[in-house]
Amino acid sequence: MNQTVSHRDTETQRLLNFSVSLWQKRFLFWLLPLSFLLIFFFFPLSRILILTFDASTFTLENLRIAINALGFTFYQATLSTLLTLLLGLPAAYLFARYDFRGKSLLRALIAVPFMLPTVVVAAGFNALLGPRGLLHTLFPVASLPFIGTLTAILVAHVFYNATIIIRVVGNTLSGLDPKMEQAARSLGANPFRVWWNVVLPLLRPSLFAASLLVFLFDFTSFGVILLLGASRFSTLEVEIYLRVLKLPNIPLAALLSIVQLVCTLAFSILYTRFTSRIFSYTPRSAKSNIRKPKTIREKVFVITFCLLLSAFFILPLSALPFRSLFRLEADRGQRNEIQPGFTTDYYTELFVNRRGSVFYVPPIEATFNSLGYASATVALSLLLGFPAAFALAKPTRLEKILDPLIMLPLGSSTVMLGLGFIISYGAWLTSPFLVPVAHTLVALPFVIRTLQPAIASIPQRLRQAASSLGASPFQVWKTIDLPILRRATLAAGTFAFTISLGEFGATLLISRPEYPTIPVAIERFLSQPGGLNYGQAMAMATILMTLTTLSILLIEKLRLPGAGEF
Amino acid sequence: MLEVRNLFKSYDGKPLLKDISFQVGVGKTVCLLGASGSGKSTLLKIVAGLESPDSGSVLFDGHDLANTPPHLRDFGLVFQDYALFPHLDVYDNVAFGLKMRRMNQDEIAQRVANSLEMVNLTEFEKRQVTDLSGGEQQRIALARALAPRPRLLMFDEPLGALDRTLREDLLNELRKILHQTQIPAIYVTHDQEEAFAIADRLLILHDGIIVREGHPADVWSNPGSAFVARFLGLGNVMEGKAIGNKKVETAFGTFRIDCVHTHQKGDKVHVLVRPLTRVERSEPLGEGRRNAVNLIQGIVTDILFQQERFKVTLDNGLYFYLSESPKIGEKIAVQVKVECLT
Amino acid sequence: MKRFVFLFVFLLASCSSQENVTPQFTGPQTLTVMTHDSFAVSEAVVKSFEEANNAKVVFLQSGDAGAVLNKAILTKDAPLADLLFGVDNTFLSRALEADIFEAYDSPALHEISSEFKLDSSNHALPVDFGDVCINYDKSYFAGNNLPVPQSLEELTKPEYKDFLVVENPATSSTGLAFLIATIAHYGDEFPDYWRALKANGVVVVDGWETAYYTNFSGSSGNGPQPMVVSYGTSPAAEVVFAETPPENAPTASIIGLDTCFRQIEFVGILKGTRQRHLAETFVDFMLSKEFQEDMPLQMFVYPVNQTATLPEAFVKYAQVPDQPASLAPDEIAANRDQWIQEWTNIVLK
């Protein structure tokens, strides 16, 4: 029954009048994130494009290249996204609904590939599927060709990106009221129809958000295409890379960049169309939704799927620690007599600067640097992402314009952007503070897309209740939004963290070798031959994996101040 | 007709329901009354098929439902927090169960209109459920459960989230609907006023077992145990010792009791002193009234106005309803009827 | 993933040349050297330069040779460093044409053999050389009783089917070097050669790392192919970087006629530097015995300074071809794109 007592109304009114007017409030929200994007993305990118774009590049040949590249890029990205959904959705369901032993560990491990350098991932798959890999040793049939096939690309994409679906969608899933499903079942919906008619529609916003993120990642995928595609496949990003750095044809690269940007914009706009309606409902504590599997069918599902996930994610990854601890070439003279020997040599060697090189990366320092950058990235992207997500959760006309622009950094060529930076900022961008800035450019869309559906789903009346009780807007945010958003914030923060840990490129390029990070170290080891180098690369990769897993587990245990059971 | 036989259910090793058996006949409303956490909701879920019991069975019309999944049992479920589907409007919410049964559009439209009419919300078809007030949402939830004409309705504290006046109104509507449709119903609540208002039979759950079962009026007059008396708020419950047939000694005095049980000397007896039974306000005991039977004296410590009476609490903790208000600090004596419970 | 290119490109600039405008006697001057990612040098060596010259040397690593050069060209009006090291003979013409260097007739040049002095104007001075050669897995060949191929022609023989992994010349300078070797040998007939190679199952990957560590059987990666296009010094590296140094290197190079391609790397002073004097000193230093003798075990390249002695590992385990393939830098610059395109059409399509 509407009990809006009149005096309460005016009180709320008064409160609102005290705060700034609506437009100013909107502007405040966008101030930080927009300035960030303007300075570090729009400005440098537009400069390089204006500088290098040449109308004369509109030749038939160039257009043909562009269309071919676009076609394949779109094709593989769509396929990859669909496959990722195929694996990721049931996995999200598994983690959101069931409790079982080893759950946190498994979920953390699935996030690990996200930040491993592509070379390392290829090594893992090779150790598993290659002609001298595990599979071949167990089942000595002719080994399936892997590297150089579209399958390899698709599999690698799923491997990398499944965690996005699991986290973003799983987040929403755990917040759904189980009573709705119970009501549906009592009304005659069999389990499939419960899903189709009740759960999926409610999942739609986060489903679309997750799919878009995965799609854009696959759309601009570079290392995977280059390495696992063995030069047989070419996407827009690869072509841009080639035209900028290898067979320079920068005007053509600019053209391709623009095509890429236009496509990203188009996808983003489509996304905003599809997710215009967010349904608000009082969120549930995650705990009330999770239980141990009870029926035989549930148990079978849980066990088989866990096994499947383990096989898919853990097996390839396990090759790395294995190779870092076991010597497989004790005697390379006799090829078939491999004498495996357990050794910690590779790890101890990490601490030795055998060649006295100036570019030696001490492992502890590398670890600290990686963690430092990662923390800075988390802080920065949350700081920028929260206000933007808030503004987007209650969109006005301003947001409708700005919304698609958020995704652009993810969908644009990093090579071009890098050039843009060189031209625009050139000499006076020296500091390592830019590393987290660069990481944030990639992490920000994730953070925003993870937070936005969560924020939008908080029923307005909760906030109204709080503010009618005398809470200032900030207090409302702190006592209502923040606890409810804890889950989403943790998911967003975890993304930012893992993106930063694996942001291989930034750190490789670090001008000051004083702040090298783990991916840099891995890359350095793999750039020269030698068993020690390979072993150390594996050791560092293992350290990176362990670091990520531990950090993720730790973050999940973290509670935001004042948070309840949400 | 629904029959529940010997249900046992443990949760996390602790027994929640022990040997629960009852029946619900056509047109009857059985009310499960118990404190929060007493297992009432779990019992409903078991009947609905959303959870399985450790042992025991649920039968409908003699047919064991152990192998029937929830979506085929044809039982309606109404929750305390409505559990409406936020992404569907009122019409689609109410029509949901009908869509699941693959009815054709015209039939659905008719049934939906019908159900909405029953709950007095006929104009609401196109509204968004999230825009409705609590009472409206609850009625939509009811309409949704009714639309498929289930063979059993289950209510899990449906009125708990509503305010008093609304509760009364809805309770009346509910009774009317249940009476009209003759659908057997299980109504779960912790509020005894609701229970008394709606039940044809009352089942009081305590510690996992049914401690009292019967027609509300019967339970009211013969609670049968101290727990039930206290739980139903029937009056002052005291513990005493039998010192002879029909005589009990308590901390508040020795009383002659009205009892169907026989007690041996020294037996522990629970007695009930109803606040509204034959009370008279009398002067403090003088010499001449010493031998008056069943008199309780005390100093008034609290008076609560309850529209048609005063609830007067004495310093010994007992309370009574009087038609006129004494003053606080006044010493009064009341004559009471003492019933035995055990 | 794309990320790795992203920041790797952008942060190239993140090191500006921090020029103190303070007079020399108050504090060390900073010298910025832009190099590719394979650059390595001992701390001790750098320190000795820094101390001798009251300088601080900062290294800007910005990608591979081609990437570094392109960035230097792009920023030539506002150079990001004082020196650029890493332009090799395949890029030399482009670098000279782009006019990014200042000429410097270093006195140290007289110790350098003339075969390396490809730029007579001394805008780009040679620092080191290396040979891109095919490495083979010794135990594989021995174990299967196969003779090791000794020439480019033999690589097309059926007994070596599926044995060879090469890198894509479009994305890898190692792969490009090998391609140029075949062009130097076969001239305009090189497409036929590559058709034959393709028919014989040649495997193409994106870069040296993948080829060596994922595909090559002779490395710790335990890949399928027993022959890989790598470097003449790789066998020596395998010994140097083995946990227990073996008696013999597990791999060796094929050094038959034209099977190897000689890469020479150059350093140049970037036009517009404000540390001209210091840069000159550094160039002299790079050509001096001390630096030249440090290079082999750091970058696994050979010194151009004739007075420098080689480390034992090199002498024992690395093979140096008598007649490496070579082509004039001008010719390479003029035709490279077209060659790569042709190669792509034959091998990858």
# chains A, B, ... in the order shown; residues from 1 in each chain; ligands from 1

$ residues_around --residues "B:Val94" --least-positions-apart "3" --cutoff "12 Å" --atoms "only C-alpha atoms" --output "MDAnalysis selection string"
(chainID A and resid 183:184 187) or (chainID B and resid 84:85 88:91 97:100 108:117 119 121:122 124:127 129 137:149)

$ residues_around --residues "stretch 308-322 of chain A" --least-positions-apart "5" --cutoff "7 Å" --atoms "only C-alpha atoms" --output "number ranges by chain"
A: 110, 124-125, 127-128, 159, 538-539, 541-542

$ atom_distance --atom1 "atom CA of A:Leu202" --atom2 "atom CA of A:Asp177"
10.6 Å

$ closest_residue --among "C:Ile100, C:Leu179, C:Val315, C:Leu80" --to "chain A" --atoms "only C-alpha atoms"
C:Leu80

$ select_by_dssp --residues "stretch 78-178 of chain C" --states "strand (DSSP E or B)" --output "list in words"
Leu83, Leu84, Phe85, Gly86, Val87, Asp88, Phe101, Glu102, Ile112, Leu125, Pro126, Val127, Asp128, Phe129, Gly130, Asp131, Val132, Cys133, Ile134, Asn135, Tyr136, Asp137, Leu164, Val165, Val166 and Glu167 of chain C

$ write_last_selection --atoms "N, CA and C atoms" --output "PDB file, in the first residue's frame"
ATOM      1  N   LEU C  83      71.125   7.333 -29.169  1.00  0.00           N
ATOM      2  CA  LEU C  83      71.726   6.349 -30.053  1.00  0.00           C
ATOM      3  C   LEU C  83      70.694   5.290 -30.399  1.00  0.00           C
ATOM      4  N   LEU C  84      70.870   4.724 -31.554  1.00  0.00           N
ATOM      5  CA  LEU C  84      70.014   3.604 -31.934  1.00  0.00           C
ATOM      6  C   LEU C  84      70.910   2.445 -32.280  1.00  0.00           C
ATOM      7  N   PHE C  85      70.716   1.344 -31.553  1.00  0.00           N
ATOM      8  CA  PHE C  85      71.480   0.139 -31.873  1.00  0.00           C
ATOM      9  C   PHE C  85      70.511  -0.943 -32.311  1.00  0.00           C
ATOM     10  N   GLY C  86      70.871  -1.651 -33.338  1.00  0.00           N
ATOM     11  CA  GLY C  86      70.064  -2.809 -33.699  1.00  0.00           C
ATOM     12  C   GLY C  86      69.585  -2.810 -35.128  1.00  0.00           C
ATOM     13  N   VAL C  87      69.840  -1.744 -35.868  1.00  0.00           N
ATOM     14  CA  VAL C  87      69.523  -1.799 -37.292  1.00  0.00           C
ATOM     15  C   VAL C  87      70.429  -2.844 -37.918  1.00  0.00           C
ATOM     16  N   ASP C  88      69.856  -3.769 -38.665  1.00  0.00           N
ATOM     17  CA  ASP C  88      70.742  -4.757 -39.281  1.00  0.00           C
ATOM     18  C   ASP C  88      70.787  -4.546 -40.792  1.00  0.00           C
ATOM     19  N   PHE C 101      70.290   9.262 -38.842  1.00  0.00           N
ATOM     20  CA  PHE C 101      71.565   9.230 -38.136  1.00  0.00           C
ATOM     21  C   PHE C 101      72.436  10.424 -38.451  1.00  0.00           C
ATOM     22  N   GLU C 102      73.355  10.675 -37.530  1.00  0.00           N
ATOM     23  CA  GLU C 102      74.429  11.641 -37.794  1.00  0.00           C
ATOM     24  C   GLU C 102      75.697  10.843 -38.052  1.00  0.00           C
ATOM     25  N   ILE C 112      88.072  -2.682 -37.167  1.00  0.00           N
ATOM     26  CA  ILE C 112      86.952  -3.456 -37.678  1.00  0.00           C
ATOM     27  C   ILE C 112      87.248  -3.893 -39.107  1.00  0.00           C
ATOM     28  N   LEU C 125      77.394   2.350 -37.948  1.00  0.00           N
ATOM     29  CA  LEU C 125      78.654   1.650 -37.754  1.00  0.00           C
ATOM     30  C   LEU C 125      78.394   0.231 -37.289  1.00  0.00           C
ATOM     31  N   PRO C 126      79.131  -0.732 -37.825  1.00  0.00           N
ATOM     32  CA  PRO C 126      78.874  -2.134 -37.459  1.00  0.00           C
ATOM     33  C   PRO C 126      79.345  -2.425 -36.038  1.00  0.00           C
ATOM     34  N   VAL C 127      78.592  -3.247 -35.340  1.00  0.00           N
ATOM     35  CA  VAL C 127      78.943  -3.605 -33.969  1.00  0.00           C
ATOM     36  C   VAL C 127      79.134  -5.108 -33.804  1.00  0.00           C
ATOM     37  N   ASP C 128      78.240  -5.885 -34.436  1.00  0.00           N
ATOM     38  CA  ASP C 128      78.371  -7.330 -34.284  1.00  0.00           C
ATOM     39  C   ASP C 128      77.786  -8.010 -35.501  1.00  0.00           C
ATOM     40  N   PHE C 129      78.062  -9.276 -35.606  1.00  0.00           N
ATOM     41  CA  PHE C 129      77.414 -10.043 -36.664  1.00  0.00           C
ATOM     42  C   PHE C 129      77.032 -11.417 -36.145  1.00  0.00           C
ATOM     43  N   GLY C 130      76.087 -11.997 -36.841  1.00  0.00           N
ATOM     44  CA  GLY C 130      75.681 -13.352 -36.472  1.00  0.00           C
ATOM     45  C   GLY C 130      75.160 -14.033 -37.701  1.00  0.00           C
ATOM     46  N   ASP C 131      75.114 -15.318 -37.668  1.00  0.00           N
ATOM     47  CA  ASP C 131      74.629 -16.053 -38.829  1.00  0.00           C
ATOM     48  C   ASP C 131      73.324 -16.749 -38.490  1.00  0.00           C
ATOM     49  N   VAL C 132      72.362 -16.529 -39.355  1.00  0.00           N
ATOM     50  CA  VAL C 132      71.131 -17.286 -39.226  1.00  0.00           C
ATOM     51  C   VAL C 132      71.336 -18.591 -39.977  1.00  0.00           C
ATOM     52  N   CYS C 133      71.352 -19.677 -39.242  1.00  0.00           N
ATOM     53  CA  CYS C 133      71.595 -20.983 -39.856  1.00  0.00           C
ATOM     54  C   CYS C 133      70.540 -21.974 -39.408  1.00  0.00           C
ATOM     55  N   ILE C 134      70.481 -23.064 -40.118  1.00  0.00           N
ATOM     56  CA  ILE C 134      69.583 -24.130 -39.690  1.00  0.00           C
ATOM     57  C   ILE C 134      70.284 -24.958 -38.624  1.00  0.00           C
ATOM     58  N   ASN C 135      69.630 -25.080 -37.474  1.00  0.00           N
ATOM     59  CA  ASN C 135      70.132 -25.977 -36.430  1.00  0.00           C
ATOM     60  C   ASN C 135      69.470 -27.332 -36.591  1.00  0.00           C
ATOM     61  N   TYR C 136      70.213 -28.382 -36.285  1.00  0.00           N
ATOM     62  CA  TYR C 136      69.597 -29.703 -36.321  1.00  0.00           C
ATOM     63  C   TYR C 136      69.845 -30.438 -35.010  1.00  0.00           C
ATOM     64  N   ASP C 137      68.933 -31.343 -34.715  1.00  0.00           N
ATOM     65  CA  ASP C 137      68.982 -32.144 -33.489  1.00  0.00           C
ATOM     66  C   ASP C 137      69.896 -33.334 -33.741  1.00  0.00           C
ATOM     67  N   LEU C 164      61.608 -29.709 -41.240  1.00  0.00           N
ATOM     68  CA  LEU C 164      62.080 -28.341 -41.065  1.00  0.00           C
ATOM     69  C   LEU C 164      60.978 -27.399 -40.612  1.00  0.00           C
ATOM     70  N   VAL C 165      61.325 -26.555 -39.622  1.00  0.00           N
ATOM     71  CA  VAL C 165      60.404 -25.492 -39.242  1.00  0.00           C
ATOM     72  C   VAL C 165      61.084 -24.151 -39.511  1.00  0.00           C
ATOM     73  N   VAL C 166      60.367 -23.289 -40.197  1.00  0.00           N
ATOM     74  CA  VAL C 166      60.900 -21.956 -40.502  1.00  0.00           C
ATOM     75  C   VAL C 166      59.941 -20.910 -39.940  1.00  0.00           C
ATOM     76  N   GLU C 167      60.461 -19.689 -39.843  1.00  0.00           N
ATOM     77  CA  GLU C 167      59.624 -18.607 -39.330  1.00  0.00           C
ATOM     78  C   GLU C 167      59.099 -17.775 -40.490  1.00  0.00           C
TER      79      GLU C 167
END

$ closest_residue --among "C:Gln323, C:Ser220, C:Tyr186, C:Gly27" --to "A:Phe326" --atoms "only C-alpha atoms"
C:Ser220

$ interface_residues --of "chain A" --to "chain B" --cutoff "6 Å" --atoms "only C-alpha atoms" --output "list in words"
Met1, Lys179, Met180, Arg185, Ser186, Leu187, Gly188, Ala189 and Asn190 of chain A

$ write_last_selection --atoms "C-alpha atoms" --output "compact mmCIF listing (two decimals), in the first residue's frame"
# COMPACT_ATOMS: atom_id res chain seq x y z
CA MET A 1 0.00 0.00 0.00
CA LYS A 179 12.22 -18.80 -4.62
CA MET A 180 11.50 -17.63 -8.12
CA ARG A 185 8.68 -25.30 -10.70
CA SER A 186 5.55 -25.45 -8.61
CA LEU A 187 3.73 -23.77 -11.48
CA GLY A 188 4.62 -26.65 -13.73
CA ALA A 189 7.92 -25.63 -15.28
CA ASN A 190 10.32 -28.52 -15.75

$ decode --residues "stretch 76-142 of chain B" --atoms "C-alpha atoms" --output "CSV table (one decimal), in the first residue's frame"
chain,number,residue,atom,x,y,z
B,76,GLY,CA,0.4,-24.1,-6.0
B,77,LEU,CA,3.0,-22.3,-3.9
B,78,VAL,CA,2.7,-18.7,-2.4
B,79,PHE,CA,5.7,-17.2,-0.7
B,80,GLN,CA,6.1,-14.5,1.9
B,81,ASP,CA,8.1,-12.3,-0.4
B,82,TYR,CA,5.9,-13.1,-3.4
B,83,ALA,CA,8.7,-14.3,-5.7
B,84,LEU,CA,7.0,-12.7,-8.7
B,85,PHE,CA,9.0,-12.8,-11.9
B,86,PRO,CA,10.4,-9.2,-12.3
B,87,HIS,CA,10.9,-9.5,-16.0
B,88,LEU,CA,7.3,-10.3,-16.8
B,89,ASP,CA,4.3,-8.1,-16.4
B,90,VAL,CA,1.3,-9.0,-14.3
B,91,TYR,CA,-0.5,-10.9,-17.1
B,92,ASP,CA,2.6,-13.0,-17.9
B,93,ASN,CA,3.2,-13.8,-14.3
B,94,VAL,CA,-0.3,-15.0,-13.7
B,95,ALA,CA,-0.3,-16.8,-17.1
B,96,PHE,CA,3.0,-18.6,-16.4
B,97,GLY,CA,1.6,-21.8,-15.0
B,98,LEU,CA,-0.9,-21.9,-17.8
B,99,LYS,CA,1.8,-21.5,-20.4
B,100,MET,CA,3.7,-24.3,-18.9
B,101,ARG,CA,0.6,-26.5,-19.3
B,102,ARG,CA,0.4,-25.4,-23.0
B,103,MET,CA,-3.0,-24.0,-22.9
B,104,ASN,CA,-4.2,-22.0,-25.9
B,105,GLN,CA,-4.2,-18.2,-25.8
B,106,ASP,CA,-7.9,-17.8,-25.4
B,107,GLU,CA,-8.2,-20.1,-22.5
B,108,ILE,CA,-5.2,-18.4,-20.9
B,109,ALA,CA,-6.7,-15.0,-21.3
B,110,GLN,CA,-9.9,-16.2,-19.7
B,111,ARG,CA,-8.2,-17.9,-16.8
B,112,VAL,CA,-6.0,-14.9,-16.1
B,113,ALA,CA,-8.9,-12.6,-16.1
B,114,ASN,CA,-10.7,-15.0,-13.8
B,115,SER,CA,-7.9,-15.2,-11.4
B,116,LEU,CA,-7.4,-11.5,-11.3
B,117,GLU,CA,-11.0,-11.0,-10.6
B,118,MET,CA,-10.8,-13.3,-7.7
B,119,VAL,CA,-8.2,-11.2,-6.1
B,120,ASN,CA,-9.8,-7.9,-7.1
B,121,LEU,CA,-7.1,-6.7,-9.4
B,122,THR,CA,-8.8,-6.8,-12.8
B,123,GLU,CA,-7.3,-3.8,-14.4
B,124,PHE,CA,-3.7,-4.7,-13.6
B,125,GLU,CA,-2.8,-7.0,-16.5
B,126,LYS,CA,-0.4,-4.7,-18.2
B,127,ARG,CA,1.3,-3.4,-15.1
B,128,GLN,CA,4.9,-4.1,-14.2
B,129,VAL,CA,5.1,-6.2,-11.0
B,130,THR,CA,7.9,-4.1,-9.7
B,131,ASP,CA,5.6,-1.1,-9.6
B,132,LEU,CA,3.0,-2.7,-7.4
B,133,SER,CA,2.6,-2.3,-3.7
B,134,GLY,CA,3.2,-5.1,-1.3
B,135,GLY,CA,-0.4,-6.1,-1.0
B,136,GLU,CA,-1.0,-5.9,-4.7
B,137,GLN,CA,2.1,-8.1,-5.3
B,138,GLN,CA,0.9,-10.6,-2.8
B,139,ARG,CA,-2.5,-10.8,-4.5
B,140,ILE,CA,-0.9,-11.3,-7.9
B,141,ALA,CA,1.2,-14.1,-6.4
B,142,LEU,CA,-2.0,-15.7,-5.2
